[in-house]
Amino acid sequence: MSNIPETGKTSRVTIRLVAIQILVFSLLATLGGRLWYLQIRNGQEYAAKARSNHVQQVIEPATRGSILDARGVPLADNQTRLVVSASRTDLLKMKDDGKAVLARLAKVLGMPAQEIRNKVRLCDAKTPQPCWNGSPFQPIPITDKATTQQALQIRERSEDFPGISAQPTAVRRYPALGKSNTAQVLGYLSPVTDEEIQRAKNGPSPLLRSDQVGRSGLERQYDTFLRGKAAVTRYEVDNLGRVIGQANSDKGQAGSTLVTSIDARVQAIAEQQLDKAMKDARTQMDRNTGTNYKADSGAVVVLEAKTGRVVAMASNPTYDPNAWVGGISGKDYAKLTGKDSNYPLLNRAIQGQAAPGSIFKVISTSAAVNAGYPFDGHYPCTSSYSIGGQVFRNFEGESKGDITLGQALEVSCDTVFYRIGHDEWKKDGGDKPVQDPRDWFYRTAHQFGLGKETGVDLPNEVKGRVPDRQWKTAFWKANKDSWCAHPKDANDYVSKLARENCLEGMKLHAYDSINYAIGQGDTLVTPIQMATIYAALSNGGTLYNPTVGKAIVSPDGKSVETIRPKSHGHLPDTPQTLQQIDAALQGVTERGTAAWRFQGWPQDKIPMHAKTGTAEVYGKQTTSWFATYTKDYAIVMTISQGGTGSGASGPAVRNIYNALYGVNDKGEIDDKAALLPRPESKLPKIESDGTILSPPIKPPADPSPSPSGSPQQ
């Protein structure tokens, strides 16, 4: 028997009962408070959310705006195709994740089943293309090339194809009329991602899961204007999915039309001539290596000199932007991005960097004059120039005696610029620079716009490089640890160079300034930068931001927003110096290194100016540069591993000018054959239904061949 008194037991039971009662009342109070919070305090918010669970959205994507050339010819537009799509959400509800459905679909479409399965899988770091990089809740396009018979089979046998749809859809098209590809300028589209939707949620242009967005080129730069606004219709449905009413809806709006300054006819010729120049270069032997030139890539830019507008811009190798429409295949993706592709997606006109070689000498000439060297002074053009035990040779070892700066430009004499560059380096203190070195050659390059973007209205433009003292110091700090880690007793060239850079990599040496004076060494420029500079030499010194977009036209055609040219600076030259450089560059085409390429050109009617460039690249064949201008246009072409400037790029540039001005092989001007100038004030008329009233385009005739002669630099 227990010895605990009855009164003690009763007391314990009472305490436990009270504790339980308190706990129960606390839980009830908490539950009541929560119910009050949900139903009274935030009742309206949660009621709205509950109702939204019974609202279904039907999205009708907006028709994307067209991209037109300066005459109204479509460079990118839309066409209606039968698009077969798969709902990943519906497929994953099936026991086999929809494999059987996709297998049946593959038979109907005549596509490999694995290719279809790849298209509906989601992209991540470990999943190669093809895959879906858009929202997993958005219908995934399988093909936009379905036939009417295939679409009917899918729709009539809907029980065999749950989660599969086949319907007419407006899809992007890049027609390449007149064989003007324009790929890198136009860019391409791909589905929006969840991350992009979240980032744009509170922005001025929110995204929907059905949207396609621009990934490069004009499609990306002007995406907000081109995309338009999708129509969203909301339906109230019951628990069984039956429509019981219509909620608020958002009206859609088609995208605006972008009118560009590109002329499809000139674009086609520029592309053809660049491609032909590269192929011709591959048939020529490099005397330094004993093998043919590789001519593995190139670019050409045609600008309106007075405005900076881009008339044509081509990059090679190129690609077909239609490959991205409807989802890119694994085979096509490998061709565009694989290690053997040579990166055709790269727009080398604004992203390709190389040493400019002798076309840089217009900057060196300006720097020399501003530093106090008379333009008409006399400077020895010797066959070589030596500092210490290092010899810097003139091109092909030529000696011209005492010549002016203008003549140095005409014959592209390296040693004149070697000597002036070295003298200025010594005046600034040499290896032990003065407190505030003048650095005329480096300062002038910055004033010409090098080392920064030109402001072209295309994404991902690169800056190039001016290897001045600031860059040398920053580069040394970034690399000194790896340089200093090389063994001290190693005698190979790389180790010796690394040890030298470890100790003195921050210094601006004499050989740096000498190489820099002729556009060699660590200097990097892009074709668009040099085209902007040569356009400025033509127009009197104004550096314009190159622009491709010319106007944005509203969907109804009633509102036109003109994109006006803007300037980012002026050349640091007096009118007299500009006139002297202009005369010297005209002399290049009459007596100098480009004369053999402009034999028979009507100089009295259309004065031509040019500068050739042959840039040496360590471990590669020389880069060909050809920079030119008239009173109307500036054209710059470059070919990587292509040989000399006039030898590789010269004929192509001449042929582009022949087409622009209608110059035949006899040097006669046929105004009817000339492609430009074109009317500047008129923009293409666009009807309210989106119809573009533009003249038909005919494939351009092959321009007349350029005169032949003996090669020069």
# chains A, B, ... in the order shown; residues from 1 in each chain; ligands from 1
$ residues_around --residues "Leu218 (chain A)" --least-positions-apart "4" --cutoff "10 Å" --atoms "only C-alpha atoms" --output "PDB file with C-alpha atoms, in the first residue's frame"
ATOM      1  CA  ILE A  67      13.650  45.174 -88.515  1.00  0.00           C
ATOM      2  CA  ALA A 183      23.534  37.765 -88.889  1.00  0.00           C
ATOM      3  CA  GLN A 184      25.765  39.301 -86.214  1.00  0.00           C
ATOM      4  CA  VAL A 185      24.106  42.704 -86.574  1.00  0.00           C
ATOM      5  CA  LEU A 186      20.576  41.284 -86.248  1.00  0.00           C
ATOM      6  CA  GLY A 187      21.226  38.711 -83.513  1.00  0.00           C
ATOM      7  CA  TYR A 188      18.690  36.017 -82.596  1.00  0.00           C
ATOM      8  CA  GLY A 214      16.758  39.092 -78.035  1.00  0.00           C
ATOM      9  CA  TYR A 222      16.051  47.138 -79.096  1.00  0.00           C
ATOM     10  CA  ASP A 223      14.242  44.190 -77.489  1.00  0.00           C
ATOM     11  CA  LEU A 226      10.443  45.105 -80.730  1.00  0.00           C
ATOM     12  CA  LEU A 258      12.960  49.292 -86.156  1.00  0.00           C
ATOM     13  CA  THR A 260      17.992  50.793 -89.616  1.00  0.00           C
ATOM     14  CA  ASP A 457      24.049  50.701 -80.580  1.00  0.00           C
ATOM     15  CA  LEU A 458      24.945  47.010 -80.454  1.00  0.00           C
ATOM     16  CA  PRO A 459      25.592  45.004 -77.265  1.00  0.00           C
ATOM     17  CA  VAL A 548      22.572  51.134 -86.790  1.00  0.00           C
ATOM     18  CA  GLY A 549      19.105  52.094 -85.583  1.00  0.00           C
TER      19      GLY A 549
END
$ residues_around --residues "region 97-102 of chain A" --least-positions-apart "4" --cutoff "8 Å" --atoms "only C-alpha atoms" --output "ChimeraX atom specification"
/A:91-93,106,113,116-117,160-162
$ closest_residue --among "A:Thr143, A:Ser513, A:Gln267, A:Ser341" --to "Ser364 (chain A)" --atoms "only C-alpha atoms"
A:Ser513
$ closest_atom_pairs --of "region 197-263 of chain A" --to "region 137-140 of chain A" --cutoff "10 Å" --atoms "only C-alpha atoms" --output "JSON lines"
{"residue": "A:Leu208", "atom": "CA", "partner": "A:Gln138", "partner_atom": "CA", "distance": 9.4}
{"residue": "A:Arg209", "atom": "CA", "partner": "A:Gln138", "partner_atom": "CA", "distance": 5.9}
{"residue": "A:Ser210", "atom": "CA", "partner": "A:Gln138", "partner_atom": "CA", "distance": 6.2}
{"residue": "A:Asp211", "atom": "CA", "partner": "A:Gln138", "partner_atom": "CA", "distance": 9.4}
$ write_last_selection --atoms "C-alpha atoms" --output "mmCIF file, in the first residue's frame"
data_model
loop_
_atom_site.group_PDB
_atom_site.id
_atom_site.type_symbol
_atom_site.label_atom_id
_atom_site.label_comp_id
_atom_site.auth_asym_id
_atom_site.auth_seq_id
_atom_site.Cartn_x
_atom_site.Cartn_y
_atom_site.Cartn_z
ATOM 1 C CA LEU A 208 5.758 36.650 -69.525
ATOM 2 C CA ARG A 209 6.651 32.968 -69.715
ATOM 3 C CA SER A 210 5.652 32.898 -73.362
ATOM 4 C CA ASP A 211 8.051 35.687 -74.365
#
$ select_by_dssp --residues "region 366-613 of chain A" --states "helix (DSSP H, G or I)" --output "ChimeraX atom specification"
/A:366-370,395-397,405-411,414-427,440-447,469-484,493-504,510-516,527-539,575-590,595-597
$ atom_distance --atom1 "CA of Ala445 (chain A)" --atom2 "CA of Phe626 (chain A)"
18.8 Å
$ residues_around --residues "region 604-611 of chain A" --least-positions-apart "5" --cutoff "8 Å" --atoms "only C-alpha atoms" --output "PDB file with N, CA, C and O atoms, in the first residue's frame"
ATOM      1  N   SER A 358      49.901  49.735 -89.651  1.00  0.00           N
ATOM      2  CA  SER A 358      50.180  51.085 -90.171  1.00  0.00           C
ATOM      3  C   SER A 358      48.954  51.975 -90.314  1.00  0.00           C
ATOM      4  O   SER A 358      49.107  53.191 -90.514  1.00  0.00           O
ATOM      5  N   ILE A 359      47.723  51.444 -90.244  1.00  0.00           N
ATOM      6  CA  ILE A 359      46.573  52.351 -90.294  1.00  0.00           C
ATOM      7  C   ILE A 359      46.522  53.202 -89.023  1.00  0.00           C
ATOM      8  O   ILE A 359      45.803  54.204 -88.965  1.00  0.00           O
ATOM      9  N   LEU A 409      53.455  58.910 -94.425  1.00  0.00           N
ATOM     10  CA  LEU A 409      52.153  58.241 -94.497  1.00  0.00           C
ATOM     11  C   LEU A 409      51.960  57.588 -95.862  1.00  0.00           C
ATOM     12  O   LEU A 409      51.474  56.458 -95.960  1.00  0.00           O
ATOM     13  N   GLU A 410      52.344  58.297 -96.916  1.00  0.00           N
ATOM     14  CA  GLU A 410      52.140  57.781 -98.276  1.00  0.00           C
ATOM     15  C   GLU A 410      52.863  56.458 -98.495  1.00  0.00           C
ATOM     16  O   GLU A 410      52.294  55.497 -99.018  1.00  0.00           O
ATOM     17  N   ASP A 582      44.709  64.717 -94.709  1.00  0.00           N
ATOM     18  CA  ASP A 582      43.793  64.369 -95.792  1.00  0.00           C
ATOM     19  C   ASP A 582      44.530  64.290 -97.124  1.00  0.00           C
ATOM     20  O   ASP A 582      44.346  63.337 -97.896  1.00  0.00           O
ATOM     21  N   LEU A 585      46.741  61.159 -97.232  1.00  0.00           N
ATOM     22  CA  LEU A 585      45.995  59.916 -97.428  1.00  0.00           C
ATOM     23  C   LEU A 585      45.461  59.815 -98.856  1.00  0.00           C
ATOM     24  O   LEU A 585      45.288  58.704 -99.374  1.00  0.00           O
ATOM     25  N   GLN A 586      45.202  60.953 -99.486  1.00  0.00           N
ATOM     26  CA  GLN A 586      44.858  60.909-100.906  1.00  0.00           C
ATOM     27  C   GLN A 586      46.089  60.495-101.711  1.00  0.00           C
ATOM     28  O   GLN A 586      45.982  59.744-102.687  1.00  0.00           O
ATOM     29  N   GLY A 587      47.251  60.949-101.277  1.00  0.00           N
ATOM     30  CA  GLY A 587      48.487  60.550-101.939  1.00  0.00           C
ATOM     31  C   GLY A 587      48.747  59.062-101.832  1.00  0.00           C
ATOM     32  O   GLY A 587      49.375  58.466-102.722  1.00  0.00           O
ATOM     33  N   VAL A 588      48.267  58.420-100.746  1.00  0.00           N
ATOM     34  CA  VAL A 588      48.428  56.966-100.601  1.00  0.00           C
ATOM     35  C   VAL A 588      47.762  56.246-101.766  1.00  0.00           C
ATOM     36  O   VAL A 588      48.274  55.244-102.282  1.00  0.00           O
ATOM     37  N   THR A 589      46.595  56.775-102.231  1.00  0.00           N
ATOM     38  CA  THR A 589      45.865  56.112-103.326  1.00  0.00           C
ATOM     39  C   THR A 589      46.364  56.534-104.696  1.00  0.00           C
ATOM     40  O   THR A 589      46.038  55.887-105.697  1.00  0.00           O
ATOM     41  N   THR A 593      51.118  53.311-101.068  1.00  0.00           N
ATOM     42  CA  THR A 593      50.982  51.853-100.945  1.00  0.00           C
ATOM     43  C   THR A 593      49.651  51.314-101.447  1.00  0.00           C
ATOM     44  O   THR A 593      49.515  50.102-101.642  1.00  0.00           O
ATOM     45  N   ALA A 594      48.649  52.192-101.643  1.00  0.00           N
ATOM     46  CA  ALA A 594      47.349  51.718-102.143  1.00  0.00           C
ATOM     47  C   ALA A 594      47.104  52.120-103.585  1.00  0.00           C
ATOM     48  O   ALA A 594      46.029  51.856-104.124  1.00  0.00           O
ATOM     49  N   PHE A 626      42.839  47.594 -94.148  1.00  0.00           N
ATOM     50  CA  PHE A 626      42.692  48.568 -95.229  1.00  0.00           C
ATOM     51  C   PHE A 626      41.648  49.577 -94.780  1.00  0.00           C
ATOM     52  O   PHE A 626      40.470  49.243 -94.622  1.00  0.00           O
ATOM     53  N   ALA A 627      42.083  50.825 -94.530  1.00  0.00           N
ATOM     54  CA  ALA A 627      41.193  51.878 -94.036  1.00  0.00           C
ATOM     55  C   ALA A 627      41.088  52.972 -95.084  1.00  0.00           C
ATOM     56  O   ALA A 627      42.111  53.453 -95.588  1.00  0.00           O
ATOM     57  N   THR A 628      39.858  53.372 -95.400  1.00  0.00           N
ATOM     58  CA  THR A 628      39.649  54.302 -96.509  1.00  0.00           C
ATOM     59  C   THR A 628      38.506  55.258 -96.199  1.00  0.00           C
ATOM     60  O   THR A 628      37.690  55.021 -95.310  1.00  0.00           O
ATOM     61  N   TYR A 629      38.442  56.338 -96.992  1.00  0.00           N
ATOM     62  CA  TYR A 629      37.259  57.198 -96.940  1.00  0.00           C
ATOM     63  C   TYR A 629      37.176  58.070 -98.177  1.00  0.00           C
ATOM     64  O   TYR A 629      38.173  58.347 -98.852  1.00  0.00           O
ATOM     65  N   THR A 630      35.948  58.482 -98.480  1.00  0.00           N
ATOM     66  CA  THR A 630      35.666  59.532 -99.456  1.00  0.00           C
ATOM     67  C   THR A 630      34.919  60.628 -98.704  1.00  0.00           C
ATOM     68  O   THR A 630      34.814  60.583 -97.472  1.00  0.00           O
ATOM     69  N   LYS A 631      34.355  61.571 -99.419  1.00  0.00           N
ATOM     70  CA  LYS A 631      33.570  62.614 -98.751  1.00  0.00           C
ATOM     71  C   LYS A 631      32.269  62.063 -98.180  1.00  0.00           C
ATOM     72  O   LYS A 631      31.639  62.703 -97.327  1.00  0.00           O
TER      73      LYS A 631
END
$ closest_atom_pairs --of "region 318-430 of chain A" --to "region 466-476 of chain A" --cutoff "12 Å" --atoms "only C-alpha atoms" --output "tab-separated table"
residue	atom	partner	partner_atom	distance
A:Gln353	CA	A:Val466	CA	11.8
A:Ala354	CA	A:Val466	CA	11.7
A:Ala355	CA	A:Val466	CA	10.3
A:Pro356	CA	A:Val466	CA	11.4
A:Phe360	CA	A:Val466	CA	11.6
A:Trp425	CA	A:Arg469	CA	11.5
A:Asp428	CA	A:Arg469	CA	11.6
A:Gly430	CA	A:Arg469	CA	11.9
$ write_last_selection --atoms "all heavy atoms" --output "PDB file, in the first residue's frame"
ATOM      1  N   GLN A 353      39.477  42.103 -81.768  1.00  0.00           N
ATOM      2  CA  GLN A 353      40.567  43.018 -81.429  1.00  0.00           C
ATOM      3  C   GLN A 353      41.863  42.541 -82.064  1.00  0.00           C
ATOM      4  O   GLN A 353      42.164  41.356 -82.047  1.00  0.00           O
ATOM      5  CB  GLN A 353      40.760  43.095 -79.914  1.00  0.00           C
ATOM      6  CG  GLN A 353      39.531  43.503 -79.139  1.00  0.00           C
ATOM      7  CD  GLN A 353      39.803  43.537 -77.644  1.00  0.00           C
ATOM      8  OE1 GLN A 353      39.989  44.598 -77.076  1.00  0.00           O
ATOM      9  NE2 GLN A 353      39.830  42.388 -77.007  1.00  0.00           N
ATOM     10  N   ALA A 354      42.625  43.489 -82.589  1.00  0.00           N
ATOM     11  CA  ALA A 354      43.920  43.151 -83.183  1.00  0.00           C
ATOM     12  C   ALA A 354      44.791  44.395 -83.205  1.00  0.00           C
ATOM     13  O   ALA A 354      44.294  45.527 -83.107  1.00  0.00           O
ATOM     14  CB  ALA A 354      43.738  42.603 -84.602  1.00  0.00           C
ATOM     15  N   ALA A 355      46.097  44.185 -83.337  1.00  0.00           N
ATOM     16  CA  ALA A 355      47.006  45.318 -83.540  1.00  0.00           C
ATOM     17  C   ALA A 355      46.675  45.953 -84.888  1.00  0.00           C
ATOM     18  O   ALA A 355      46.457  45.251 -85.870  1.00  0.00           O
ATOM     19  CB  ALA A 355      48.448  44.842 -83.509  1.00  0.00           C
ATOM     20  N   PRO A 356      46.625  47.290 -84.966  1.00  0.00           N
ATOM     21  CA  PRO A 356      46.188  47.941 -86.205  1.00  0.00           C
ATOM     22  C   PRO A 356      47.259  48.081 -87.275  1.00  0.00           C
ATOM     23  O   PRO A 356      46.941  48.362 -88.435  1.00  0.00           O
ATOM     24  CB  PRO A 356      45.746  49.323 -85.726  1.00  0.00           C
ATOM     25  CG  PRO A 356      46.605  49.582 -84.534  1.00  0.00           C
ATOM     26  CD  PRO A 356      46.815  48.241 -83.872  1.00  0.00           C
ATOM     27  N   PHE A 360      47.322  52.835 -88.010  1.00  0.00           N
ATOM     28  CA  PHE A 360      47.444  53.607 -86.773  1.00  0.00           C
ATOM     29  C   PHE A 360      48.268  54.874 -86.982  1.00  0.00           C
ATOM     30  O   PHE A 360      48.230  55.794 -86.162  1.00  0.00           O
ATOM     31  CB  PHE A 360      48.096  52.715 -85.708  1.00  0.00           C
ATOM     32  CG  PHE A 360      48.225  53.332 -84.345  1.00  0.00           C
ATOM     33  CD1 PHE A 360      47.181  53.303 -83.437  1.00  0.00           C
ATOM     34  CD2 PHE A 360      49.422  53.927 -83.947  1.00  0.00           C
ATOM     35  CE1 PHE A 360      47.315  53.859 -82.176  1.00  0.00           C
ATOM     36  CE2 PHE A 360      49.573  54.485 -82.688  1.00  0.00           C
ATOM     37  CZ  PHE A 360      48.498  54.450 -81.794  1.00  0.00           C
ATOM     38  N   TRP A 425      59.785  59.356 -76.059  1.00  0.00           N
ATOM     39  CA  TRP A 425      59.987  58.522 -74.862  1.00  0.00           C
ATOM     40  C   TRP A 425      61.174  59.054 -74.051  1.00  0.00           C
ATOM     41  O   TRP A 425      61.103  59.155 -72.824  1.00  0.00           O
ATOM     42  CB  TRP A 425      60.228  57.076 -75.289  1.00  0.00           C
ATOM     43  CG  TRP A 425      60.573  56.137 -74.173  1.00  0.00           C
ATOM     44  CD1 TRP A 425      59.712  55.554 -73.293  1.00  0.00           C
ATOM     45  CD2 TRP A 425      61.878  55.677 -73.824  1.00  0.00           C
ATOM     46  NE1 TRP A 425      60.391  54.744 -72.412  1.00  0.00           N
ATOM     47  CE2 TRP A 425      61.727  54.804 -72.714  1.00  0.00           C
ATOM     48  CE3 TRP A 425      63.163  55.903 -74.328  1.00  0.00           C
ATOM     49  CZ2 TRP A 425      62.815  54.159 -72.119  1.00  0.00           C
ATOM     50  CZ3 TRP A 425      64.237  55.265 -73.730  1.00  0.00           C
ATOM     51  CH2 TRP A 425      64.065  54.408 -72.639  1.00  0.00           C
ATOM     52  N   ASP A 428      60.364  62.211 -72.155  1.00  0.00           N
ATOM     53  CA  ASP A 428      59.534  61.963 -70.970  1.00  0.00           C
ATOM     54  C   ASP A 428      60.309  61.269 -69.852  1.00  0.00           C
ATOM     55  O   ASP A 428      59.727  60.863 -68.847  1.00  0.00           O
ATOM     56  CB  ASP A 428      58.311  61.117 -71.344  1.00  0.00           C
ATOM     57  CG  ASP A 428      57.274  61.923 -72.104  1.00  0.00           C
ATOM     58  OD1 ASP A 428      57.176  63.142 -71.872  1.00  0.00           O
ATOM     59  OD2 ASP A 428      56.539  61.339 -72.936  1.00  0.00           O
ATOM     60  N   GLY A 430      62.475  58.506 -70.288  1.00  0.00           N
ATOM     61  CA  GLY A 430      62.915  57.138 -70.567  1.00  0.00           C
ATOM     62  C   GLY A 430      62.481  56.162 -69.498  1.00  0.00           C
ATOM     63  O   GLY A 430      61.318  56.135 -69.073  1.00  0.00           O
TER      64      GLY A 430
END
$ residues_around --residues "Glu561 (chain A)" --least-positions-apart "2" --cutoff "10 Å" --atoms "only C-alpha atoms" --output "PyMOL selection string"
chain A and resi 258+550-554+559+563-564
$ closest_residue --among "A:Glu60, A:Glu504, A:Glu668, A:Glu219" --to "Gln603 (chain A)" --atoms "only C-alpha atoms"
A:Glu668
$ atom_distance --atom1 "CA of Ala334 (chain A)" --atom2 "CA of Arg220 (chain A)"
22.2 Å
$ closest_residue --among "A:Thr307, A:Ser412, A:Asn181, A:Thr638" --to "Ser261 (chain A)" --atoms "only C-alpha atoms"
A:Thr307
$ residues_around --residues "Thr454 (chain A)" --least-positions-apart "5" --cutoff "7 Å" --atoms "only C-alpha atoms" --output "list in words"
Gln529, Asn545 and Pro546 of chain A
$ write_last_selection --atoms "N, CA, C and O atoms" --output "PDB file, in the first residue's frame"
ATOM      1  N   GLN A 529      36.174  50.974 -84.293  1.00  0.00           N
ATOM      2  CA  GLN A 529      36.938  52.120 -83.795  1.00  0.00           C
ATOM      3  C   GLN A 529      37.690  52.799 -84.929  1.00  0.00           C
ATOM      4  O   GLN A 529      37.679  54.033 -85.049  1.00  0.00           O
ATOM      5  N   ASN A 545      29.212  58.553 -82.651  1.00  0.00           N
ATOM      6  CA  ASN A 545      28.854  57.217 -82.185  1.00  0.00           C
ATOM      7  C   ASN A 545      28.247  56.479 -83.374  1.00  0.00           C
ATOM      8  O   ASN A 545      27.218  56.929 -83.899  1.00  0.00           O
ATOM      9  N   PRO A 546      28.827  55.380 -83.818  1.00  0.00           N
ATOM     10  CA  PRO A 546      28.219  54.663 -84.942  1.00  0.00           C
ATOM     11  C   PRO A 546      26.819  54.170 -84.550  1.00  0.00           C
ATOM     12  O   PRO A 546      26.628  53.645 -83.449  1.00  0.00           O
TER      13      PRO A 546
END
